[in-house]
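Working notes, structure below.
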Amino acid sequence: MDGIVAEIRKIPPVTRFLCVSTLAVTFPERMNLVSAYKLIYTFNFVFKKLQVWRLYTSFFIAGSGIQVIFDLVMLYRNGEQLETGPYSRRSADLAYQLFFACGLIIVVTVPIDGMSFFHPLLVCLTYLSSSLAPPGAQTSLMGIVTIPVKYLPYVIIVMDIFMGGPRYAAQAVAGAV
């Protein structure tokens with residue numbers, strides 16, 4: 001047990017918070033212990049009935065099935081890459097930037113009535129990571145195609161158009177703003 005705790009403590013703090021929050025919100029929802037309706041963002045419930053936890057939980061409801069694993073891997077990879085690279089020893093700066101980005105994601109998705117913001121947060125982390133990557137850095141898409149890392153957020157948005165439709169892609173664009 002001490003070994004597991006020691007490994008978890010090696011994860012940078014903001015990345016650890018993001019991954020643990022995603023597991024803590026997604027797992028009970030997927031196991032039907034908590035209704036997703038009680039976790040999603042709804043303006044009337046948040047601001048008129050003061051169910052403020054929805055501001056937090058709506059950012060950590062990951063996909064279902066095998067998608068959860070891919071989402072967690074991408075979340076961990078992007079968060080850890082930021083915290084050990086450009087934000088090394090500046091985790092508070094990253095946390096503040098993500099807090100500000102989350103507020104903007106909520107505001108930008110008002111016209112499309114966004115309720116779950118995990119994917120826009122993931123796109124936001126990807127955009128931030130790719131914009132701070134060294135010039136000329138490359139990344140591989142599922143081991144098939146290699147592209148410059150600066151184009152990765154845009155490729156994700158284009159893939160979202162095909163896989164989830166325009167509304168899903170519109171939410172992803174909110175993460176790139």
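Residues are named by chain letter and number: chains run A, B, ... in the order of the structure tokens, numbers start at 1 in each chain, and ligands are numbered from 1 in the order shown.
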For Thr22 of chain A: contacts at 12 Å, only C-alpha atoms, fewer than 4 positions along chain excluded, given as a list in words
Thr15, Arg16, Phe17, Leu18, Thr26, Phe27, Pro28, Glu29, Arg30, Tyr56, Thr57, Ser58, Phe59, Phe60, Ile61, Ala62, Gly63, Val68, Ile69, Asp71, Leu72, Val73, Leu75, Tyr76, Phe117, Phe118, His119, Leu121 and Leu122 of chain A
Find the spatial neighbours of Arg54 of chain A, counting only C-alpha atoms, within a cut-off of 7 Å - ignore same-chain residues fewer than 3 positions away - and output them as a list in words.
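These residues fall inside the cut-off: Leu39, Ile40, Tyr41, Val46, Gln51, Thr57 and Ser58 of chain A.
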For Ser88 of chain A, which residue out of A:Gly3, A:Gly164, A:Gly175, A:Pro13 is the nearest one, using only C-alpha atoms?
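Between A:Gly3, A:Gly164, A:Gly175, A:Pro13, the residue approaching Ser88 of chain A most closely is A:Pro13.
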If you run DSSP on the backbone here, which positions in chain A get helix (DSSP H, G or I)? Please write them as a PyMOL selection string.
chain A and resi 2-10+13-30+36-38+43-47+53-57+67-84+91-108+118-131+149-164+166-176
Surrounding residues of segment 136-149 of chain A excluding itself and chain neighbours under 3 positions, 12 Å, only C-alpha atoms, as a list in words:
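Near neighbours after the sequence-gap exclusion: Phe70, Met74, Asn78, Thr126, Tyr127, Leu128, Ser129, Ser130, Ser131, Leu132, Ala133, Leu152, Pro153, Tyr154, Val155, Ile156 and Met159 of chain A.
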Would you please give, as an MDAnalysis selection string, all residues of segment 101-163 of chain A that DSSP assigns to strand (DSSP E) based on the backbone?
chainID A and resid 138:141 145:148
